[in-house]
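Structure, as structure tokens:
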Amino acid sequence: MTAQTTYEAVIGIECHVELKTRSKMFCGCANEFGGEPNTKVCPVCLALPGALPVANKEAIEHMVLAGLAFGATIPEFSKFDRKNYFYPDMPKNYQISQYDMPLTLGGKVRYWTEDGTLKECRLTRIHLEEDTGKSIHAGGGDGRIAGSAYSLIDFNRAGVPLMECVSEPELRSAQEAVGYLEALKRTFVQLGISDVKMEEGSLRCDANVSIRPAGSHELGTKTEIKNMNSFRSVLRAIESEIERQVEILESGGRIVQETRGWDETQGVTHSMRSKEEAHDYRYFPDPDLVPLEIDRRLLDRLKASITELPPERFERYHRRYGLEAKQATQLIDNLPLAQYFDAVAEAGCAPQLVSNFVLGDLSRLANETGTAVASSAVTPAHLAELIGLVESQTINSKIAKELVERMWQGHGSPKAIVEREGLAQTSDAAAIERFVDEVLAQNEKAVADYRAGKTNILGFLTGQVMKASRGRANPSVVNELLKKRLS
Amino acid sequence: MNDLTRLSGSEIAREVGSKRVSACEIVEATLGRIDAVDDRLGCYLTRLHESARAVAQRVDQRIAAGESLPLAGVPLAIKDNMCLTGTRTTAGSKILEHWIAPYTATAVQRVIDAGAIPVGKANLDEFAMGSSCENSALGVTRNPYDPKRVPGGSSGGSAAAVGANLAAIGLGSDTGGSIREPAAFCNVVGFKPTYGRVSRYGLIAFASSLDQIGPLARTVADTALVYDVMAGHDPYDSTSIDRPVEKTAKALRADLKGVRIGIVQEFVTEKLGAEIDALYKRAYSELEGLGAELVPVSLPSADFGVATYYLIAPAECSSNLARFDGVRYGLRVDGADVGEMYEKTRAAGFGPEVKRRILIGTYALSSGYYDAYYVKAQKARTKFAQDFARAFERCDLIAAPSASSPAFEFNAKSDPYSMYMMDYYTIPMSLAGLPALSIPCGYAGSPALPMGLQLAAPLFEEAKLLGAAHAYEQATQYATKVPVAV
Amino acid sequence: MIDIKYVAKLARLALSDEEIELYGKQLGDLLAHVNELAKLDTQDVPATAQVVESRNVERPDEITPCLDRETALSQAPQREGAFFRVPRIIAEP
Ligand SMILES: [Mg+2]
Ligand SMILES: [Zn+2]
């Protein structure tokens, strides 16, 4: 029996993301999710005879923003083309898309995996197109096309601006694929160009998967996986497809190039009936629309509007501040929280301490009270003040915990509270001596044991003194005094 | 006033504007003549008696309220590939036979706002594909000068209606000659503006990069009046040009002094027979007589026009007509599955010429042929633009025939290509997007059949073009020399 | 020679054998004429998609009124409630 070869997966992701705009791509109908069927339609998006498209300026700027965020090339000229094929939820029976002159070319998506390693995957292109309507497959077939008797169509989504992002086949595992998708999502959300809600279908993706012996350079036969409607299903679908392909090759079989659908419930991909006639989309420049010219001024304005992007933030938090990948990611995925964190860290506090407070006590209180940290009574300045008190050992962590609660309830500046209630740690020997005497008086046996050589009992006595001081005595001072008195 | 239907649009607007005649009286006269003769002529697919009367009343009210309307009370024929809210809009096709437009085309709206009164939706070759109206699936239109003959096409219904006084003005659409050729056949003025001058919003598309709406009228003055009202950018049509429009009605002139008119050397009229050759030579010398300087110019690509056109137009139409699928509106023929429904619906809904063009266009775009056909045609198109640019360095306008013959008899052109050749003289201007018109220039054959002289100008030079046409019209007055037979 | 059946399939046109025969011949003839274009020298001639140069004609991102649903659905060959209804769909695009 031969030793099993180890395989490497080669994965490319193609995803469609609905852009966030007020109106549709080529008409003034509202671009909103949901609503009564066929209430957001007009002559243009219903493809009535004689209607003509006019491009939405905002959608084009969203595309350029996305391109800039990934360091893509924004060609000076771009145009719209028609992709011709018949499908009942596509009113014109052609899709206005971009063929050979997309709005953005190349660029790379930087993403990170759970262990915090930063990776990148090059983009082939991002182009602008229009979404189709939605079909409901009725009469048997439990909502699926297969076995349905007829279909019902709602054109509310027809004509919604859609960007298609195509990656190079540079992802090597299901985890990397998900990392890549999360990076896309974070970027689009931060740029405000899409909500990226997979459950609402505003992000849909297909994966091209093939495997090859580790180290080999030619590509194996690929399959295209569809119907993955959550990041989790992307992970499971790709993993199961890689497994399936490995099994086939191991048992001496051949991979068939085909489209496979992910079955969420059974957790497997199944071959999808391929279309009877070959694709021949007959792309040609849409004569109803004029070419696009992206001028410098627009580029500069949009560039200037882009703030620190997720991968850069991650590097700062993880590499520079030394936060764990998990913490850094938690902050980045909650932008207001990350900004709150930055405000406190910039006040000169140790990032790790800040992150502990922000993701620890503050986030807990936020969950309990339903008030976001950023809009709570605890201002970044106050938190910085509190952390300052801890760092200067004015208070210890136990007191700090209590203080956070009080600040959340609106008691204001921690310094003020500490002074008002004398919570500050004390090193005043005279004061501490009184507690020491008390404790020694009450613990004669322990004292005797210590003198008899059980020096490790010192810790117990120290604890007693701290307790007596309601935690305010400086532990090291306590320690010295005890030793002095016991020797 | 004896016969109100003989009045030109300008005369009607003046009379109605000065309240000497009411829009209602004008419309009644026209509706009366439609009832009297249109069963024989078949200009209209849909008559709009009721709405016309209502609109006329509103026009009279607006006049009474002191508004001044450039087209007050002018009866209008609308080619039935233009949407008019609440009216049947068929494109001359079975697939849209019962479709009611829920919106109005921009150009139509502008003309109505100016006081014009739609009296009917005029017949056309199905989806504007043809040169005789014989391709209409919904009716036969006859030439008012000889009912045995075609009115030309595709805007044959509008041309015949205006020629036979069933409307003072008409709207047509021109893709390769569809306004100019029927205008010539029906002895009226037909004008295709620069591509993009008039909005296409609401015009059922045939070939988007060539389609252009334009007026048909009995005088150049009326033509200018209608054009001035329609022209100008429309935010609903990305290809409508956003630049100022010169009022052509103010540019009409009486002579052609200082105008250089190019005669295209490749357009050898001898090929058209002695009579027609003589007719055009006379037309050219009439231009000269008005003070124009005739200069020979060359369009080296001329002979490739028809081939270029019959790749580009069908390619665009194959995609434009994909929306007629039996899903949202129009005809549906059922099938076991959606694909079968599409195929049966389109097979039953489209006529032979439309099918031919969809097939050739689909072929020209299909993988493996795209570069050899579609791209090649687009490059050829550039050559036409270059040819004209060079020609216009030497002249201000170009004069040429509007068609290679007068109106022919029904079923005279059995093979498609001989029909396509009817547009040999008009296609080059269409490919270059130029403004061009046809104006009556005499009669040929017996019975005497109208012929048209085509004048073309550089892009956006509509004022120069209409100005010169007016001078020719005033000097010759051919349109009025022979009355219509019907 | 044109593969009429393939082209008709792309164009979603059902054709009878007679039509395949007829159109095959007619389109063949037309192509013979069209092929004359090969004689036109278009070396380093750019393709023209639109004769009148124009750029960036766009609309502001504003909502305009839609058709009311009844109007939108009123001319549907077949509807079911608020939906357009079509026969069985065999496969996704
Ligand atoms: Mg796509
Ligand atoms: Zn719409």
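Each chain in the structure tokens gets a letter, A, B and so on, in the order shown; residues start at 1 in every chain, and ligands are counted from 1 in the order they appear.
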
- Which neighbours of segment 6-19 of chain C fall inside 7 Å, counting only C-alpha atoms, when residues of the same chain fewer than 3 positions from it are skipped, and could you give them as JSON, numbers by chain? {"B": [342, 343, 344, 346, 347, 359, 362, 363], "C": [3, 22, 23]}

With all heavy atoms retained, write the just-selected residues as a CSV table (one decimal), in the first residue's frame.
```
chain,number,residue,atom,x,y,z
B,342,TYR,N,-41.1,30.7,-24.3
B,342,TYR,CA,-40.3,31.7,-25.0
B,342,TYR,C,-40.4,31.5,-26.5
B,342,TYR,O,-40.7,32.3,-27.3
B,342,TYR,CB,-38.9,31.7,-24.6
B,342,TYR,CG,-38.5,32.2,-23.2
B,342,TYR,CD1,-37.4,31.8,-22.6
B,342,TYR,CD2,-39.3,33.2,-22.6
B,342,TYR,CE1,-37.0,32.2,-21.4
B,342,TYR,CE2,-38.9,33.7,-21.4
B,342,TYR,CZ,-37.7,33.2,-20.7
B,342,TYR,OH,-37.3,33.7,-19.5
B,343,GLU,N,-40.0,30.3,-26.9
B,343,GLU,CA,-39.8,30.0,-28.3
B,343,GLU,C,-41.1,30.0,-29.1
B,343,GLU,O,-41.1,30.5,-30.2
B,343,GLU,CB,-39.1,28.6,-28.4
B,343,GLU,CG,-37.7,28.6,-27.8
B,343,GLU,CD,-36.9,27.3,-28.1
B,343,GLU,OE1,-37.5,26.3,-28.6
B,343,GLU,OE2,-35.7,27.3,-27.8
B,344,LYS,N,-42.1,29.5,-28.5
B,344,LYS,CA,-43.4,29.5,-29.1
B,344,LYS,C,-44.0,30.9,-29.2
B,344,LYS,O,-44.5,31.4,-30.2
B,344,LYS,CB,-44.4,28.6,-28.4
B,344,LYS,CG,-44.2,27.1,-28.6
B,344,LYS,CD,-45.2,26.3,-27.9
B,344,LYS,CE,-45.2,24.8,-28.3
B,344,LYS,NZ,-46.2,24.1,-27.5
B,346,ARG,N,-42.4,33.8,-29.2
B,346,ARG,CA,-41.6,34.7,-30.1
B,346,ARG,C,-41.8,34.2,-31.6
B,346,ARG,O,-41.9,35.0,-32.5
B,346,ARG,CB,-40.1,34.7,-29.7
B,346,ARG,CG,-39.9,35.4,-28.4
B,346,ARG,CD,-38.6,35.2,-27.8
B,346,ARG,NE,-37.5,35.6,-28.6
B,346,ARG,CZ,-37.0,36.8,-28.7
B,346,ARG,NH1,-37.6,37.8,-28.0
B,346,ARG,NH2,-35.9,37.1,-29.4
B,347,ALA,N,-42.0,32.9,-31.8
B,347,ALA,CA,-42.3,32.3,-33.1
B,347,ALA,C,-43.6,32.9,-33.6
B,347,ALA,O,-43.7,33.3,-34.8
B,347,ALA,CB,-42.3,30.8,-33.1
B,359,LEU,N,-32.2,36.8,-36.2
B,359,LEU,CA,-31.3,35.7,-36.5
B,359,LEU,C,-29.9,36.2,-37.0
B,359,LEU,O,-28.9,35.8,-36.5
B,359,LEU,CB,-31.9,34.7,-37.6
B,359,LEU,CG,-33.1,33.9,-37.1
B,359,LEU,CD1,-33.7,33.2,-38.3
B,359,LEU,CD2,-32.6,32.9,-36.0
B,362,THR,N,-28.1,37.9,-34.1
B,362,THR,CA,-27.7,37.0,-33.1
B,362,THR,C,-26.4,36.3,-33.6
B,362,THR,O,-25.4,36.1,-32.9
B,362,THR,CB,-28.7,35.9,-32.8
B,362,THR,OG1,-29.9,36.6,-32.4
B,362,THR,CG2,-28.3,34.9,-31.7
B,363,TYR,N,-26.4,35.9,-34.9
B,363,TYR,CA,-25.3,35.3,-35.5
B,363,TYR,C,-24.1,36.2,-35.5
B,363,TYR,O,-23.0,35.8,-35.1
B,363,TYR,CB,-25.6,34.9,-36.9
B,363,TYR,CG,-24.5,34.3,-37.7
B,363,TYR,CD1,-24.1,33.0,-37.5
B,363,TYR,CD2,-23.9,35.0,-38.8
B,363,TYR,CE1,-23.0,32.5,-38.2
B,363,TYR,CE2,-22.9,34.5,-39.5
B,363,TYR,CZ,-22.5,33.2,-39.2
B,363,TYR,OH,-21.5,32.6,-40.0
C,3,ASP,N,-25.4,28.2,-38.8
C,3,ASP,CA,-26.1,27.1,-38.1
C,3,ASP,C,-27.4,27.7,-37.6
C,3,ASP,O,-27.5,28.1,-36.4
C,3,ASP,CB,-25.2,26.5,-37.0
C,3,ASP,CG,-25.9,25.4,-36.2
C,3,ASP,OD1,-27.1,25.2,-36.4
C,3,ASP,OD2,-25.2,24.8,-35.4
C,22,LEU,N,-35.9,28.2,-45.4
C,22,LEU,CA,-36.0,29.5,-46.1
C,22,LEU,C,-35.0,30.5,-45.5
C,22,LEU,O,-34.2,31.1,-46.2
C,22,LEU,CB,-37.4,30.0,-45.9
C,22,LEU,CG,-37.7,31.5,-46.3
C,22,LEU,CD1,-37.6,31.5,-47.9
C,22,LEU,CD2,-39.0,32.0,-45.9
C,23,TYR,N,-35.0,30.6,-44.2
C,23,TYR,CA,-34.1,31.6,-43.6
C,23,TYR,C,-32.6,31.3,-43.8
C,23,TYR,O,-31.8,32.1,-44.0
C,23,TYR,CB,-34.4,31.8,-42.1
C,23,TYR,CG,-35.7,32.3,-41.8
C,23,TYR,CD1,-36.5,31.9,-40.7
C,23,TYR,CD2,-36.3,33.3,-42.6
C,23,TYR,CE1,-37.7,32.4,-40.4
C,23,TYR,CE2,-37.6,33.8,-42.3
C,23,TYR,CZ,-38.3,33.3,-41.2
C,23,TYR,OH,-39.5,33.8,-41.0
```

- Task: Dump the neighbourhood of ligand 1 as an MDAnalysis selection string: all residues within 9 Å, distances computed on only C-alpha atoms and all ligand atoms.
- Result: chainID A and resid 14:16 95 97:98 127:131 162:165

Q: Counting only C-alpha atoms and all ligand atoms, name the residues that have an atom within 6 Å of an atom of ligand 2; the answer should be given as a PyMOL selection string.
A: chain A and resi 27-29+41-42+44-45

Chain C near chain B within 7 Å: what's each residue's closest atom pair and its distance in Å to one decimal, counting only C-alpha atoms, ordered by chain then ascending residue number, as CSV?
```
residue,atom,partner,partner_atom,distance
C:Val7,CA,B:Tyr363,CA,6.0
C:Ala8,CA,B:Leu359,CA,6.4
C:Ala11,CA,B:Thr362,CA,6.6
C:Arg12,CA,B:Glu343,CA,4.8
C:Leu13,CA,B:Glu343,CA,4.5
C:Ala14,CA,B:Glu343,CA,4.7
C:Leu15,CA,B:Ala347,CA,6.9
C:Tyr23,CA,B:Arg356,CA,6.7
C:Leu27,CA,B:Ile360,CA,6.8
C:Leu30,CA,B:Tyr417,CA,6.6
C:His33,CA,B:Ala307,CA,6.6
C:Val34,CA,B:Ala307,CA,4.6
C:Leu37,CA,B:Phe304,CA,6.3
C:Thr42,CA,B:Lys379,CA,6.2
C:Val45,CA,B:Lys379,CA,5.9
C:Pro46,CA,B:Lys379,CA,5.8
C:Ala47,CA,B:Lys379,CA,4.1
C:Thr48,CA,B:Gln378,CA,5.0
C:Ala49,CA,B:Gln378,CA,6.4
C:Gln50,CA,B:Ser209,CA,6.1
C:Val51,CA,B:Gly433,CA,5.9
C:Val57,CA,B:Ser238,CA,5.6
C:Gln75,CA,B:Tyr329,CA,5.0
C:Ala76,CA,B:Tyr329,CA,4.7
C:Pro77,CA,B:Tyr329,CA,6.0
C:Phe84,CA,B:Arg328,CA,6.8
C:Val86,CA,B:Val338,CA,6.4
C:Pro87,CA,B:Val338,CA,4.9
C:Arg88,CA,B:Asp337,CA,4.7
C:Ile89,CA,B:Val338,CA,5.5
C:Ile90,CA,B:Asp337,CA,6.9
```

Quiz item: Neighbours of Gly120 of chain B within 6 Å (only C-alpha atoms; same-chain residues fewer than 3 positions away dropped), as a list in words?
Solution: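 Close residues of Gly120 of chain B: Tyr44, Thr46, Arg47, Leu48 and Ala77 of chain B.
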
Atoms to include: N, CA and C atoms. Write the selected residues as a compact mmCIF listing (two decimals), in the first residue's frame.
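What landed in selection_17.txt:
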```
# COMPACT_ATOMS: atom_id res chain seq x y z
N TYR B 44 -53.80 54.63 -40.16
CA TYR B 44 -53.81 54.49 -38.71
C TYR B 44 -54.15 53.07 -38.25
N THR B 46 -54.63 52.73 -34.89
CA THR B 46 -55.56 53.11 -33.83
C THR B 46 -55.97 54.56 -34.06
N ARG B 47 -57.30 54.80 -34.12
CA ARG B 47 -57.79 56.18 -34.25
C ARG B 47 -58.10 56.69 -32.85
N LEU B 48 -57.79 57.95 -32.63
CA LEU B 48 -57.91 58.50 -31.27
C LEU B 48 -59.00 59.57 -31.18
N ALA B 77 -50.07 62.82 -36.27
CA ALA B 77 -50.03 61.37 -36.46
C ALA B 77 -48.78 60.85 -35.76
```

message: So that I can check the surroundings of segment 203-207 of chain A, please list as a ChimeraX atom specification every protein, DNA and RNA residue that reaches within 10 Å of it, counting only C-alpha atoms and ignoring chain neighbours fewer than 6 positions away.
response: /A:11-19,162-167,169,174,177,181,185,194-197,222-231,234,237-238,259-261

Next, write the just-selected residues to a file, as a short mmCIF file (atom, residue, chain, number, x, y, z; two decimals), in the first residue's frame, keeping N, CA and C atoms as the atom set.
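Result file selection30.cif:
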```cif
data_model
loop_
_atom_site.label_atom_id
_atom_site.label_comp_id
_atom_site.auth_asym_id
_atom_site.auth_seq_id
_atom_site.Cartn_x
_atom_site.Cartn_y
_atom_site.Cartn_z
N ILE A 11 -8.23 27.61 -4.50
CA ILE A 11 -9.59 28.14 -4.42
C ILE A 11 -9.66 29.57 -4.93
N GLY A 12 -10.63 29.83 -5.77
CA GLY A 12 -10.92 31.20 -6.23
C GLY A 12 -12.35 31.54 -5.86
N ILE A 13 -12.57 32.77 -5.44
CA ILE A 13 -13.92 33.17 -5.03
C ILE A 13 -14.47 34.23 -5.98
N GLU A 14 -15.74 34.04 -6.37
CA GLU A 14 -16.43 35.00 -7.21
C GLU A 14 -17.63 35.45 -6.40
N CYS A 15 -17.69 36.72 -6.01
CA CYS A 15 -18.91 37.07 -5.28
C CYS A 15 -19.59 38.31 -5.79
N HIS A 16 -20.90 38.30 -5.63
CA HIS A 16 -21.77 39.41 -6.04
C HIS A 16 -22.24 40.13 -4.80
N VAL A 17 -22.01 41.43 -4.74
CA VAL A 17 -22.38 42.23 -3.58
C VAL A 17 -23.31 43.36 -4.01
N GLU A 18 -24.48 43.43 -3.40
CA GLU A 18 -25.40 44.53 -3.72
C GLU A 18 -24.89 45.82 -3.10
N LEU A 19 -24.87 46.87 -3.88
CA LEU A 19 -24.40 48.16 -3.39
C LEU A 19 -25.50 48.86 -2.62
N LEU A 162 -25.09 46.00 -8.46
CA LEU A 162 -24.41 44.81 -7.98
C LEU A 162 -22.95 44.90 -8.39
N MET A 163 -22.03 44.63 -7.45
CA MET A 163 -20.63 44.56 -7.90
C MET A 163 -20.18 43.11 -7.86
N GLU A 164 -19.51 42.69 -8.91
CA GLU A 164 -18.98 41.33 -8.96
C GLU A 164 -17.49 41.37 -8.71
N CYS A 165 -17.06 40.74 -7.62
CA CYS A 165 -15.64 40.70 -7.27
C CYS A 165 -15.09 39.32 -7.62
N VAL A 166 -14.07 39.30 -8.45
CA VAL A 166 -13.47 38.04 -8.86
C VAL A 166 -12.06 37.96 -8.32
N SER A 167 -11.76 36.90 -7.55
CA SER A 167 -10.41 36.75 -6.98
C SER A 167 -9.57 35.84 -7.87
N PRO A 169 -7.12 32.57 -8.17
CA PRO A 169 -7.18 31.30 -7.41
C PRO A 169 -5.99 31.17 -6.47
N ALA A 174 -10.31 26.35 3.14
CA ALA A 174 -11.63 26.90 3.42
C ALA A 174 -11.50 28.07 4.40
N ALA A 177 -10.48 31.09 2.58
CA ALA A 177 -11.59 31.61 1.79
C ALA A 177 -12.50 32.47 2.66
N LEU A 181 -13.35 36.49 2.55
CA LEU A 181 -14.70 37.03 2.49
C LEU A 181 -14.95 38.02 3.64
N LYS A 185 -16.05 41.89 3.42
CA LYS A 185 -17.21 42.41 4.15
C LYS A 185 -16.80 43.61 5.00
N SER A 194 -21.91 48.96 1.10
CA SER A 194 -22.84 47.82 1.13
C SER A 194 -23.06 47.39 2.57
N ASP A 195 -24.25 46.79 2.82
CA ASP A 195 -24.52 46.25 4.15
C ASP A 195 -23.98 44.84 4.29
N VAL A 196 -23.74 44.20 3.14
CA VAL A 196 -23.22 42.83 3.12
C VAL A 196 -23.99 41.94 4.09
N LYS A 197 -25.27 41.78 3.81
CA LYS A 197 -26.08 40.88 4.64
C LYS A 197 -26.37 39.62 3.82
N LYS A 222 -11.27 21.87 -11.89
CA LYS A 222 -11.99 22.56 -10.82
C LYS A 222 -13.49 22.33 -10.91
N THR A 223 -14.15 22.44 -9.77
CA THR A 223 -15.60 22.45 -9.75
C THR A 223 -16.03 23.79 -9.19
N GLU A 224 -17.26 24.21 -9.58
CA GLU A 224 -17.78 25.48 -9.08
C GLU A 224 -18.87 25.20 -8.07
N ILE A 225 -18.71 25.73 -6.85
CA ILE A 225 -19.69 25.47 -5.79
C ILE A 225 -20.64 26.66 -5.66
N LYS A 226 -21.95 26.37 -5.69
CA LYS A 226 -22.96 27.42 -5.55
C LYS A 226 -23.82 27.20 -4.31
N ASN A 227 -24.78 28.12 -4.12
CA ASN A 227 -25.76 28.04 -3.01
C ASN A 227 -25.14 28.05 -1.62
N MET A 228 -24.08 28.77 -1.41
CA MET A 228 -23.56 28.88 -0.03
C MET A 228 -24.08 30.20 0.51
N ASN A 229 -24.94 30.12 1.57
CA ASN A 229 -25.57 31.38 1.97
C ASN A 229 -25.19 31.86 3.36
N SER A 230 -24.02 31.42 3.86
CA SER A 230 -23.45 32.02 5.07
C SER A 230 -21.96 31.72 5.06
N PHE A 231 -21.20 32.49 5.82
CA PHE A 231 -19.75 32.22 5.86
C PHE A 231 -19.51 30.81 6.36
N VAL A 234 -19.93 28.45 3.62
CA VAL A 234 -18.78 28.52 2.73
C VAL A 234 -17.67 27.63 3.27
N ALA A 237 -18.83 23.92 3.02
CA ALA A 237 -18.96 23.47 1.62
C ALA A 237 -17.58 23.22 1.01
N ILE A 238 -16.67 24.17 1.20
CA ILE A 238 -15.34 24.01 0.59
C ILE A 238 -14.61 22.83 1.23
N THR A 259 -20.68 22.24 -12.14
CA THR A 259 -21.18 23.11 -11.09
C THR A 259 -21.85 22.24 -10.04
N ARG A 260 -21.50 22.46 -8.78
CA ARG A 260 -22.10 21.66 -7.71
C ARG A 260 -22.79 22.56 -6.70
N GLY A 261 -23.94 22.11 -6.23
CA GLY A 261 -24.69 22.91 -5.28
C GLY A 261 -24.44 22.44 -3.86
#
```

What gap, in Å, lies between atom CA of Asn93 of chain A and atom CA of Phe77 of chain A?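 The value is 26.3 Å.
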
Residues flagged alpha helix (DSSP H) by DSSP in segment 37-197 of chain A, as number ranges by chain:
A: 57-69, 174-191

Could you find all residues in segment 375-451 of chain B that DSSP calls strand (DSSP E or B) from the backbone, and write them as a compact mmCIF listing (two decimals) with all heavy atoms, in the first residue's frame?
```txt
# COMPACT_ATOMS: atom_id res chain seq x y z
N LEU B 397 -23.37 71.43 -47.24
CA LEU B 397 -24.44 70.44 -47.25
C LEU B 397 -24.15 69.42 -48.33
O LEU B 397 -23.36 69.69 -49.23
CB LEU B 397 -25.79 71.12 -47.55
CG LEU B 397 -26.27 72.22 -46.61
CD1 LEU B 397 -27.51 72.88 -47.19
CD2 LEU B 397 -26.57 71.64 -45.23
N ILE B 398 -24.81 68.29 -48.25
CA ILE B 398 -24.70 67.29 -49.31
C ILE B 398 -26.09 67.05 -49.88
O ILE B 398 -27.07 67.00 -49.14
CB ILE B 398 -24.09 65.98 -48.77
CG1 ILE B 398 -22.57 66.14 -48.61
CG2 ILE B 398 -24.42 64.80 -49.66
CD1 ILE B 398 -21.88 64.98 -47.96
N ALA B 399 -26.18 66.97 -51.21
CA ALA B 399 -27.44 66.66 -51.88
C ALA B 399 -27.34 65.28 -52.50
O ALA B 399 -26.30 64.93 -53.06
CB ALA B 399 -27.76 67.71 -52.93
N ALA B 400 -28.42 64.50 -52.40
CA ALA B 400 -28.43 63.14 -52.94
C ALA B 400 -29.88 62.68 -53.12
O ALA B 400 -30.79 63.35 -52.62
CB ALA B 400 -27.70 62.20 -51.98
N PRO B 401 -30.10 61.58 -53.81
CA PRO B 401 -31.46 61.05 -53.89
C PRO B 401 -31.91 60.58 -52.50
O PRO B 401 -31.08 60.23 -51.67
CB PRO B 401 -31.34 59.86 -54.83
CG PRO B 401 -30.08 60.10 -55.61
CD PRO B 401 -29.17 60.83 -54.67
N GLU B 409 -45.02 48.93 -56.36
CA GLU B 409 -46.29 48.23 -56.09
C GLU B 409 -46.09 47.20 -54.99
O GLU B 409 -44.98 46.76 -54.72
CB GLU B 409 -46.80 47.58 -57.38
CG GLU B 409 -47.16 48.61 -58.43
CD GLU B 409 -47.88 48.01 -59.63
OE1 GLU B 409 -47.88 46.76 -59.75
OE2 GLU B 409 -48.44 48.79 -60.43
N ALA B 436 -30.40 64.73 -41.69
CA ALA B 436 -30.69 64.62 -43.12
C ALA B 436 -32.20 64.66 -43.31
O ALA B 436 -32.95 64.24 -42.42
CB ALA B 436 -30.13 63.32 -43.67
N LEU B 437 -32.63 65.19 -44.45
CA LEU B 437 -34.07 65.26 -44.71
C LEU B 437 -34.35 64.92 -46.16
O LEU B 437 -33.45 64.90 -47.00
CB LEU B 437 -34.62 66.64 -44.37
CG LEU B 437 -34.02 67.88 -45.03
CD1 LEU B 437 -34.46 68.00 -46.50
CD2 LEU B 437 -34.45 69.13 -44.28
N SER B 438 -35.62 64.63 -46.41
CA SER B 438 -36.06 64.44 -47.78
C SER B 438 -37.11 65.50 -48.08
O SER B 438 -37.99 65.75 -47.25
CB SER B 438 -36.67 63.05 -47.97
OG SER B 438 -37.21 62.94 -49.28
N ILE B 439 -36.98 66.12 -49.24
CA ILE B 439 -37.93 67.17 -49.63
C ILE B 439 -38.42 66.89 -51.05
O ILE B 439 -37.64 66.43 -51.90
CB ILE B 439 -37.25 68.56 -49.54
CG1 ILE B 439 -38.22 69.66 -49.90
CG2 ILE B 439 -36.00 68.63 -50.40
CD1 ILE B 439 -37.73 71.04 -49.53
N PRO B 440 -39.73 67.10 -51.31
CA PRO B 440 -40.27 66.80 -52.64
C PRO B 440 -39.47 67.51 -53.72
O PRO B 440 -39.15 68.69 -53.59
CB PRO B 440 -41.70 67.34 -52.57
CG PRO B 440 -42.06 67.22 -51.12
CD PRO B 440 -40.79 67.55 -50.39
N CYS B 441 -39.14 66.78 -54.81
CA CYS B 441 -38.34 67.40 -55.87
C CYS B 441 -38.88 67.04 -57.24
O CYS B 441 -38.15 67.07 -58.23
CB CYS B 441 -36.88 67.00 -55.74
SG CYS B 441 -36.59 65.26 -56.08
N GLY B 442 -40.17 66.64 -57.32
CA GLY B 442 -40.74 66.36 -58.64
C GLY B 442 -41.40 64.99 -58.67
O GLY B 442 -41.59 64.35 -57.63
N TYR B 443 -41.74 64.59 -59.91
CA TYR B 443 -42.52 63.37 -60.08
C TYR B 443 -41.91 62.52 -61.18
O TYR B 443 -41.29 63.03 -62.10
CB TYR B 443 -43.96 63.71 -60.42
CG TYR B 443 -44.62 64.59 -59.37
CD1 TYR B 443 -44.38 65.97 -59.33
CD2 TYR B 443 -45.46 64.04 -58.40
CE1 TYR B 443 -44.95 66.77 -58.35
CE2 TYR B 443 -46.04 64.84 -57.42
CZ TYR B 443 -45.79 66.20 -57.40
OH TYR B 443 -46.36 66.99 -56.44
N ALA B 444 -42.10 61.21 -61.06
CA ALA B 444 -41.59 60.31 -62.09
C ALA B 444 -42.65 59.25 -62.40
O ALA B 444 -43.46 58.91 -61.54
CB ALA B 444 -40.30 59.65 -61.63
N LEU B 449 -45.56 59.93 -59.85
CA LEU B 449 -45.27 59.56 -58.46
C LEU B 449 -44.19 60.47 -57.89
O LEU B 449 -43.20 60.77 -58.56
CB LEU B 449 -44.79 58.11 -58.42
CG LEU B 449 -45.83 57.07 -58.85
CD1 LEU B 449 -45.18 55.73 -59.07
CD2 LEU B 449 -46.95 56.98 -57.82
N PRO B 450 -44.41 60.92 -56.64
CA PRO B 450 -43.48 61.87 -56.02
C PRO B 450 -42.08 61.28 -55.85
O PRO B 450 -41.92 60.08 -55.65
CB PRO B 450 -44.09 62.16 -54.66
CG PRO B 450 -45.39 61.46 -54.60
CD PRO B 450 -45.50 60.54 -55.75
N MET B 451 -41.09 62.17 -55.95
CA MET B 451 -39.70 61.80 -55.67
C MET B 451 -39.16 62.76 -54.63
O MET B 451 -39.66 63.87 -54.48
CB MET B 451 -38.86 61.90 -56.95
CG MET B 451 -39.23 60.93 -58.06
SD MET B 451 -38.75 59.22 -57.70
CE MET B 451 -36.97 59.34 -57.73
```
